[in-house]
$ cat protein.tsv   # TSV, N, CA and C atoms
chain	number	residue	atom	x	y	z
A	2	GLY	N	105.23	92.05	65.38
A	2	GLY	CA	105.52	93.45	65.61
A	2	GLY	C	106.33	94.02	64.46
A	3	PHE	N	106.61	95.28	64.57
A	3	PHE	CA	107.43	95.95	63.57
A	3	PHE	C	108.25	97.02	64.26
A	4	ALA	N	109.29	97.44	63.61
A	4	ALA	CA	110.19	98.44	64.18
A	4	ALA	C	110.11	99.72	63.37
A	5	ILE	N	110.20	100.83	64.07
A	5	ILE	CA	110.27	102.13	63.41
A	5	ILE	C	111.68	102.65	63.64
A	6	PRO	N	112.40	103.00	62.59
A	6	PRO	CA	113.77	103.47	62.74
A	6	PRO	C	113.86	104.70	63.65
A	7	ALA	N	114.90	104.75	64.47
A	7	ALA	CA	115.07	105.83	65.44
A	7	ALA	C	115.11	107.21	64.80
A	8	ASP	N	115.75	107.34	63.63
A	8	ASP	CA	115.80	108.64	62.96
A	8	ASP	C	114.41	109.14	62.60
A	9	MET	N	113.55	108.23	62.18
A	9	MET	CA	112.18	108.60	61.82
A	9	MET	C	111.41	109.03	63.07
A	10	VAL	N	111.56	108.29	64.14
A	10	VAL	CA	110.89	108.63	65.40
A	10	VAL	C	111.36	109.99	65.90
A	11	ARG	N	112.65	110.24	65.84
A	11	ARG	CA	113.21	111.51	66.30
A	11	ARG	C	112.59	112.68	65.55
A	12	THR	N	112.47	112.56	64.24
A	12	THR	CA	111.90	113.63	63.43
A	12	THR	C	110.46	113.92	63.84
A	13	VAL	N	109.67	112.88	64.03
A	13	VAL	CA	108.26	113.05	64.39
A	13	VAL	C	108.14	113.62	65.80
A	14	VAL	N	108.92	113.12	66.75
A	14	VAL	CA	108.85	113.60	68.13
A	14	VAL	C	109.28	115.06	68.22
A	15	GLU	N	110.34	115.44	67.52
A	15	GLU	CA	110.78	116.83	67.55
A	15	GLU	C	109.71	117.76	67.01
A	16	ALA	N	109.04	117.37	65.95
A	16	ALA	CA	107.96	118.19	65.39
A	16	ALA	C	106.81	118.30	66.38
A	17	ALA	N	106.46	117.20	67.02
A	17	ALA	CA	105.35	117.20	67.98
A	17	ALA	C	105.67	118.06	69.20
A	18	LEU	N	106.89	117.93	69.71
A	18	LEU	CA	107.26	118.71	70.90
A	18	LEU	C	107.36	120.20	70.62
A	19	SER	N	107.73	120.56	69.42
A	19	SER	CA	107.87	121.98	69.09
A	19	SER	C	106.52	122.59	68.71
A	20	GLY	N	105.51	121.75	68.52
A	20	GLY	CA	104.20	122.25	68.13
A	20	GLY	C	104.10	122.57	66.65
A	21	GLU	N	105.16	122.24	65.91
A	21	GLU	CA	105.16	122.51	64.47
A	21	GLU	C	104.45	121.40	63.72
A	22	GLU	N	103.95	121.76	62.55
A	22	GLU	CA	103.35	120.78	61.67
A	22	GLU	C	104.45	119.88	61.12
A	23	LEU	N	104.19	118.59	61.04
A	23	LEU	CA	105.16	117.66	60.48
A	23	LEU	C	105.05	117.69	58.97
A	24	ILE	N	106.09	118.17	58.33
A	24	ILE	CA	106.14	118.22	56.87
A	24	ILE	C	107.37	117.44	56.45
A	25	ARG	N	107.16	116.45	55.62
A	25	ARG	CA	108.27	115.62	55.18
A	25	ARG	C	108.99	116.26	53.99
A	26	PRO	N	110.30	116.09	53.93
A	26	PRO	CA	111.05	116.59	52.78
A	26	PRO	C	110.56	115.92	51.49
A	27	TRP	N	110.71	116.63	50.39
A	27	TRP	CA	110.22	116.16	49.10
A	27	TRP	C	111.35	116.24	48.09
A	28	LEU	N	111.61	115.16	47.39
A	28	LEU	CA	112.67	115.13	46.40
A	28	LEU	C	112.22	115.75	45.08
A	29	GLY	N	110.97	115.57	44.73
A	29	GLY	CA	110.48	116.12	43.46
A	29	GLY	C	110.86	115.28	42.26
A	30	ALA	N	110.98	113.98	42.47
A	30	ALA	CA	111.32	113.07	41.37
A	30	ALA	C	110.59	111.75	41.57
A	31	ARG	N	110.03	111.25	40.51
A	31	ARG	CA	109.44	109.91	40.53
A	31	ARG	C	110.57	108.94	40.19
A	32	ARG	N	110.56	107.80	40.88
A	32	ARG	CA	111.62	106.82	40.68
A	32	ARG	C	111.01	105.47	40.34
A	33	GLN	N	111.77	104.67	39.63
A	33	GLN	CA	111.34	103.30	39.32
A	33	GLN	C	112.44	102.35	39.74
A	34	PRO	N	112.06	101.12	40.10
A	34	PRO	CA	113.06	100.16	40.56
A	34	PRO	C	114.01	99.73	39.45
A	35	VAL	N	115.19	99.34	39.86
A	35	VAL	CA	116.17	98.77	38.93
A	35	VAL	C	115.99	97.25	38.99
A	36	THR	N	115.43	96.70	37.93
A	36	THR	CA	115.22	95.26	37.86
A	36	THR	C	116.53	94.57	37.47
A	37	SER	N	116.54	93.27	37.52
A	37	SER	CA	117.73	92.50	37.12
A	37	SER	C	118.11	92.80	35.68
A	38	ASP	N	117.11	92.83	34.80
A	38	ASP	CA	117.38	93.10	33.39
A	38	ASP	C	117.95	94.51	33.20
A	39	LEU	N	117.35	95.49	33.89
A	39	LEU	CA	117.87	96.86	33.78
A	39	LEU	C	119.29	96.96	34.33
A	40	ALA	N	119.53	96.32	35.47
A	40	ALA	CA	120.87	96.36	36.07
A	40	ALA	C	121.90	95.82	35.09
A	41	GLN	N	121.58	94.70	34.47
A	41	GLN	CA	122.51	94.09	33.52
A	41	GLN	C	122.75	95.02	32.33
A	42	SER	N	121.68	95.62	31.78
A	42	SER	CA	121.84	96.48	30.61
A	42	SER	C	122.55	97.79	30.96
A	43	LEU	N	122.50	98.20	32.24
A	43	LEU	CA	123.14	99.44	32.66
A	43	LEU	C	124.56	99.22	33.19
A	44	GLY	N	124.99	97.96	33.24
A	44	GLY	CA	126.34	97.66	33.69
A	44	GLY	C	126.49	97.61	35.20
A	45	LEU	N	125.37	97.50	35.92
A	45	LEU	CA	125.45	97.36	37.38
A	45	LEU	C	125.72	95.91	37.74
A	46	ASP	N	126.44	95.69	38.84
A	46	ASP	CA	126.75	94.33	39.25
A	46	ASP	C	125.54	93.59	39.78
A	47	ARG	N	124.50	94.34	40.20
A	47	ARG	CA	123.26	93.75	40.72
A	47	ARG	C	122.18	94.82	40.74
A	48	PRO	N	120.92	94.42	40.88
A	48	PRO	CA	119.86	95.43	40.98
A	48	PRO	C	120.02	96.21	42.29
A	49	ARG	N	120.06	97.53	42.19
A	49	ARG	CA	120.13	98.39	43.38
A	49	ARG	C	119.77	99.80	42.97
A	50	GLY	N	119.40	100.59	43.94
A	50	GLY	CA	119.05	101.97	43.68
A	50	GLY	C	117.72	102.11	42.95
A	51	ALA	N	117.55	103.26	42.31
A	51	ALA	CA	116.32	103.54	41.56
A	51	ALA	C	116.64	104.51	40.44
A	52	ILE	N	115.90	104.39	39.35
A	52	ILE	CA	116.09	105.25	38.19
A	52	ILE	C	115.13	106.44	38.29
A	53	VAL	N	115.64	107.63	38.07
A	53	VAL	CA	114.79	108.82	38.04
A	53	VAL	C	113.99	108.76	36.74
A	54	SER	N	112.67	108.62	36.87
A	54	SER	CA	111.83	108.48	35.68
A	54	SER	C	111.08	109.76	35.34
A	55	GLU	N	110.95	110.65	36.31
A	55	GLU	CA	110.23	111.91	36.06
A	55	GLU	C	110.69	112.95	37.08
A	56	LEU	N	110.77	114.18	36.64
A	56	LEU	CA	111.13	115.30	37.52
A	56	LEU	C	110.01	116.32	37.51
A	57	TRP	N	109.70	116.86	38.69
A	57	TRP	CA	108.72	117.94	38.76
A	57	TRP	C	109.45	119.25	38.47
A	58	PRO	N	108.95	120.02	37.51
A	58	PRO	CA	109.60	121.29	37.16
A	58	PRO	C	109.75	122.19	38.38
A	59	GLY	N	110.96	122.67	38.59
A	59	GLY	CA	111.24	123.55	39.72
A	59	GLY	C	111.38	122.85	41.05
A	60	GLY	N	111.28	121.52	41.07
A	60	GLY	CA	111.41	120.76	42.31
A	60	GLY	C	112.86	120.64	42.74
A	61	PRO	N	113.08	120.19	43.96
A	61	PRO	CA	114.45	120.07	44.48
A	61	PRO	C	115.37	119.21	43.63
A	62	ALA	N	114.88	118.10	43.11
A	62	ALA	CA	115.73	117.22	42.30
A	62	ALA	C	116.20	117.93	41.03
A	63	GLU	N	115.28	118.62	40.37
A	63	GLU	CA	115.64	119.34	39.16
A	63	GLU	C	116.62	120.46	39.48
A	64	GLU	N	116.35	121.20	40.55
A	64	GLU	CA	117.25	122.29	40.95
A	64	GLU	C	118.64	121.78	41.30
A	65	ALA	N	118.72	120.55	41.81
A	65	ALA	CA	120.02	119.96	42.18
A	65	ALA	C	120.76	119.41	40.97
A	66	GLY	N	120.10	119.36	39.81
A	66	GLY	CA	120.77	118.89	38.61
A	66	GLY	C	120.49	117.45	38.23
A	67	LEU	N	119.58	116.77	38.93
A	67	LEU	CA	119.24	115.41	38.53
A	67	LEU	C	118.51	115.45	37.20
A	68	ARG	N	118.67	114.37	36.43
A	68	ARG	CA	118.02	114.28	35.13
A	68	ARG	C	117.31	112.93	35.02
A	69	ARG	N	116.32	112.87	34.12
A	69	ARG	CA	115.66	111.59	33.84
A	69	ARG	C	116.73	110.59	33.41
A	70	GLY	N	116.63	109.38	33.93
A	70	GLY	CA	117.57	108.33	33.57
A	70	GLY	C	118.72	108.18	34.56
A	71	ASP	N	118.91	109.19	35.45
A	71	ASP	CA	119.93	109.04	36.48
A	71	ASP	C	119.56	107.88	37.40
A	72	ILE	N	120.57	107.18	37.88
A	72	ILE	CA	120.35	106.07	38.81
A	72	ILE	C	120.88	106.48	40.17
A	73	LEU	N	120.00	106.54	41.16
A	73	LEU	CA	120.40	106.91	42.52
A	73	LEU	C	120.78	105.63	43.26
A	74	VAL	N	122.03	105.54	43.71
A	74	VAL	CA	122.50	104.33	44.39
A	74	VAL	C	122.95	104.59	45.82
A	75	GLU	N	123.17	105.86	46.18
A	75	GLU	CA	123.54	106.21	47.56
A	75	GLU	C	122.91	107.53	47.94
A	76	VAL	N	122.55	107.66	49.20
A	76	VAL	CA	122.10	108.93	49.76
A	76	VAL	C	122.93	109.16	51.02
A	77	ASP	N	123.64	110.27	51.04
A	77	ASP	CA	124.52	110.62	52.17
A	77	ASP	C	125.52	109.51	52.48
A	78	GLY	N	126.04	108.89	51.43
A	78	GLY	CA	127.07	107.87	51.60
A	78	GLY	C	126.55	106.51	52.00
A	79	VAL	N	125.23	106.35	52.10
A	79	VAL	CA	124.64	105.07	52.48
A	79	VAL	C	124.00	104.45	51.24
A	80	GLU	N	124.42	103.24	50.92
A	80	GLU	CA	123.87	102.57	49.75
A	80	GLU	C	122.37	102.34	49.94
A	81	VAL	N	121.62	102.56	48.87
A	81	VAL	CA	120.18	102.29	48.89
A	81	VAL	C	119.90	101.22	47.85
A	82	ASN	N	119.13	100.23	48.26
A	82	ASN	CA	118.87	99.10	47.38
A	82	ASN	C	117.62	99.25	46.54
A	83	ASP	N	116.73	100.16	46.96
A	83	ASP	CA	115.48	100.32	46.23
A	83	ASP	C	114.87	101.68	46.54
A	84	GLU	N	113.71	101.93	45.95
A	84	GLU	CA	113.03	103.21	46.11
A	84	GLU	C	112.64	103.46	47.56
A	85	THR	N	112.28	102.41	48.27
A	85	THR	CA	111.90	102.56	49.67
A	85	THR	C	113.08	103.07	50.50
A	86	GLY	N	114.27	102.57	50.23
A	86	GLY	CA	115.46	103.04	50.93
A	86	GLY	C	115.75	104.51	50.65
A	87	ILE	N	115.53	104.92	49.41
A	87	ILE	CA	115.74	106.33	49.05
A	87	ILE	C	114.72	107.20	49.79
A	88	ARG	N	113.47	106.79	49.77
A	88	ARG	CA	112.41	107.55	50.44
A	88	ARG	C	112.72	107.68	51.93
A	89	PHE	N	113.17	106.59	52.57
A	89	PHE	CA	113.50	106.64	53.99
A	89	PHE	C	114.63	107.62	54.26
A	90	ARG	N	115.69	107.55	53.45
A	90	ARG	CA	116.84	108.43	53.66
A	90	ARG	C	116.43	109.90	53.59
A	91	PHE	N	115.55	110.25	52.65
A	91	PHE	CA	115.10	111.64	52.54
A	91	PHE	C	114.13	111.99	53.66
A	92	ALA	N	113.31	111.05	54.08
A	92	ALA	CA	112.32	111.32	55.12
A	92	ALA	C	112.95	111.63	56.47
A	93	THR	N	114.18	111.21	56.68
A	93	THR	CA	114.83	111.47	57.96
A	93	THR	C	115.54	112.82	57.99
A	94	HIS	N	115.48	113.56	56.89
A	94	HIS	CA	116.06	114.90	56.84
A	94	HIS	C	115.03	115.92	57.28
A	95	SER	N	115.51	117.07	57.74
A	95	SER	CA	114.62	118.18	58.05
A	95	SER	C	114.45	119.01	56.79
A	96	LEU	N	113.37	119.79	56.75
A	96	LEU	CA	113.15	120.66	55.60
A	96	LEU	C	114.32	121.61	55.45
A	97	GLY	N	114.75	121.79	54.22
A	97	GLY	CA	115.86	122.70	53.94
A	97	GLY	C	117.22	122.04	54.01
A	98	ASP	N	117.29	120.81	54.55
A	98	ASP	CA	118.58	120.10	54.58
A	98	ASP	C	118.99	119.75	53.16
A	99	GLU	N	120.26	119.55	52.99
A	99	GLU	CA	120.76	119.05	51.72
A	99	GLU	C	121.19	117.60	51.90
A	100	ALA	N	121.07	116.84	50.85
A	100	ALA	CA	121.49	115.44	50.87
A	100	ALA	C	122.44	115.22	49.71
A	101	GLU	N	123.43	114.41	49.93
A	101	GLU	CA	124.37	114.06	48.87
A	101	GLU	C	123.91	112.77	48.23
A	102	VAL	N	123.72	112.79	46.93
A	102	VAL	CA	123.28	111.59	46.23
A	102	VAL	C	124.35	111.15	45.23
A	103	THR	N	124.46	109.84	45.10
A	103	THR	CA	125.36	109.26	44.11
A	103	THR	C	124.51	108.47	43.14

$ encode --input "protein.tsv" --output "structure tokens"
Amino acid sequence: GFAIPADMVRTVVEAALSGEELIRPWLGARRQPVTSDLAQSLGLDRPRGAIVSELWPGGPAEEAGLRRGDILVEVDGVEVNDETGIRFRFATHSLGDEAEVT
């Protein structure tokens, strides 16, 4: 079996009950994993987070001030170990919400 996080289920159920179309939040940035070699060269204690490798012009990430080469290691105060963790953290937000990234 597998588990679906409660925050993700809540978002989908709320959209279904309201009759609204389910639209997931979009960061507007392509990310790449932080490998062991990259972590070492960037001064990180271990591989974690993700590097912003591309920004969509006018997208939320660019509007928020993110730049290519930034390393995202936390979303809303929760450490993220990889790109999947970042995607999950954003997917549990509603459209128009703001997220704090480190």

$ atom_distance --input "protein.tsv" --atom1 "atom C of Gly44 of chain A" --atom2 "atom C of Gly78 of chain A"
19.0 Å

$ atom_distance --input "protein.tsv" --atom1 "atom CA of Pro61 of chain A" --atom2 "atom CA of Val10 of chain A"
24.1 Å

$ residues_around --input "protein.tsv" --residues "segment 74-77 of chain A" --least-positions-apart "3" --cutoff "10 Å" --atoms "only C-alpha atoms" --output "tab-separated table (two decimals) with N, CA and C atoms, in the coordinates of the input"
chain	number	residue	atom	x	y	z
A	48	PRO	N	120.92	94.42	40.88
A	48	PRO	CA	119.86	95.43	40.98
A	48	PRO	C	120.02	96.21	42.29
A	49	ARG	N	120.06	97.53	42.19
A	49	ARG	CA	120.13	98.39	43.38
A	49	ARG	C	119.77	99.80	42.97
A	50	GLY	N	119.40	100.59	43.94
A	50	GLY	CA	119.05	101.97	43.68
A	50	GLY	C	117.72	102.11	42.95
A	51	ALA	N	117.55	103.26	42.31
A	51	ALA	CA	116.32	103.54	41.56
A	51	ALA	C	116.64	104.51	40.44
A	52	ILE	N	115.90	104.39	39.35
A	52	ILE	CA	116.09	105.25	38.19
A	52	ILE	C	115.13	106.44	38.29
A	71	ASP	N	118.91	109.19	35.45
A	71	ASP	CA	119.93	109.04	36.48
A	71	ASP	C	119.56	107.88	37.40
A	80	GLU	N	124.42	103.24	50.92
A	80	GLU	CA	123.87	102.57	49.75
A	80	GLU	C	122.37	102.34	49.94
A	81	VAL	N	121.62	102.56	48.87
A	81	VAL	CA	120.18	102.29	48.89
A	81	VAL	C	119.90	101.22	47.85
A	82	ASN	N	119.13	100.23	48.26
A	82	ASN	CA	118.87	99.10	47.38
A	82	ASN	C	117.62	99.25	46.54
A	83	ASP	N	116.73	100.16	46.96
A	83	ASP	CA	115.48	100.32	46.23
A	83	ASP	C	114.87	101.68	46.54
A	84	GLU	N	113.71	101.93	45.95
A	84	GLU	CA	113.03	103.21	46.11
A	84	GLU	C	112.64	103.46	47.56
A	86	GLY	N	114.27	102.57	50.23
A	86	GLY	CA	115.46	103.04	50.93
A	86	GLY	C	115.75	104.51	50.65
A	87	ILE	N	115.53	104.92	49.41
A	87	ILE	CA	115.74	106.33	49.05
A	87	ILE	C	114.72	107.20	49.79
A	88	ARG	N	113.47	106.79	49.77
A	88	ARG	CA	112.41	107.55	50.44
A	88	ARG	C	112.72	107.68	51.93
A	89	PHE	N	113.17	106.59	52.57
A	89	PHE	CA	113.50	106.64	53.99
A	89	PHE	C	114.63	107.62	54.26
A	90	ARG	N	115.69	107.55	53.45
A	90	ARG	CA	116.84	108.43	53.66
A	90	ARG	C	116.43	109.90	53.59
A	91	PHE	N	115.55	110.25	52.65
A	91	PHE	CA	115.10	111.64	52.54
A	91	PHE	C	114.13	111.99	53.66
A	99	GLU	N	120.26	119.55	52.99
A	99	GLU	CA	120.76	119.05	51.72
A	99	GLU	C	121.19	117.60	51.90
A	100	ALA	N	121.07	116.84	50.85
A	100	ALA	CA	121.49	115.44	50.87
A	100	ALA	C	122.44	115.22	49.71
A	101	GLU	N	123.43	114.41	49.93
A	101	GLU	CA	124.37	114.06	48.87
A	101	GLU	C	123.91	112.77	48.23
A	102	VAL	N	123.72	112.79	46.93
A	102	VAL	CA	123.28	111.59	46.23
A	102	VAL	C	124.35	111.15	45.23
A	103	THR	N	124.46	109.84	45.10
A	103	THR	CA	125.36	109.26	44.11
A	103	THR	C	124.51	108.47	43.14

$ atom_distance --input "protein.tsv" --atom1 "atom CA of Glu55 of chain A" --atom2 "atom CA of Leu23 of chain A"
25.6 Å

$ closest_residue --input "protein.tsv" --among "A:Ala7, A:Gly29, A:Ile72, A:Thr85" --to "Gly59 of chain A" --atoms "only N, CA and C atoms"
A:Gly29

$ select_by_dssp --input "protein.tsv" --residues "segment 6-36 of chain A" --states "strand (DSSP E)" --output "ChimeraX atom specification"
/A:30-34

$ residues_around --input "protein.tsv" --residues "Ala62 of chain A" --least-positions-apart "4" --cutoff "7 Å" --atoms "all atoms listed in the file" --output "MDAnalysis selection string"
chainID A and resid 27:30 56:57 66:68

$ residues_around --input "protein.tsv" --residues "segment 11-21 of chain A" --least-positions-apart "2" --cutoff "8 Å" --atoms "all atoms listed in the file" --output "list of chain:residue names"
A:Ile5, A:Pro6, A:Ala7, A:Asp8, A:Met9, A:Leu23, A:Ile24, A:Ala92, A:Thr93, A:His94, A:Ser95

$ select_by_dssp --input "protein.tsv" --residues "segment 4-82 of chain A" --states "alpha helix (DSSP H)" --output "PyMOL selection string"
chain A and resi 7-19+37-43+61-64
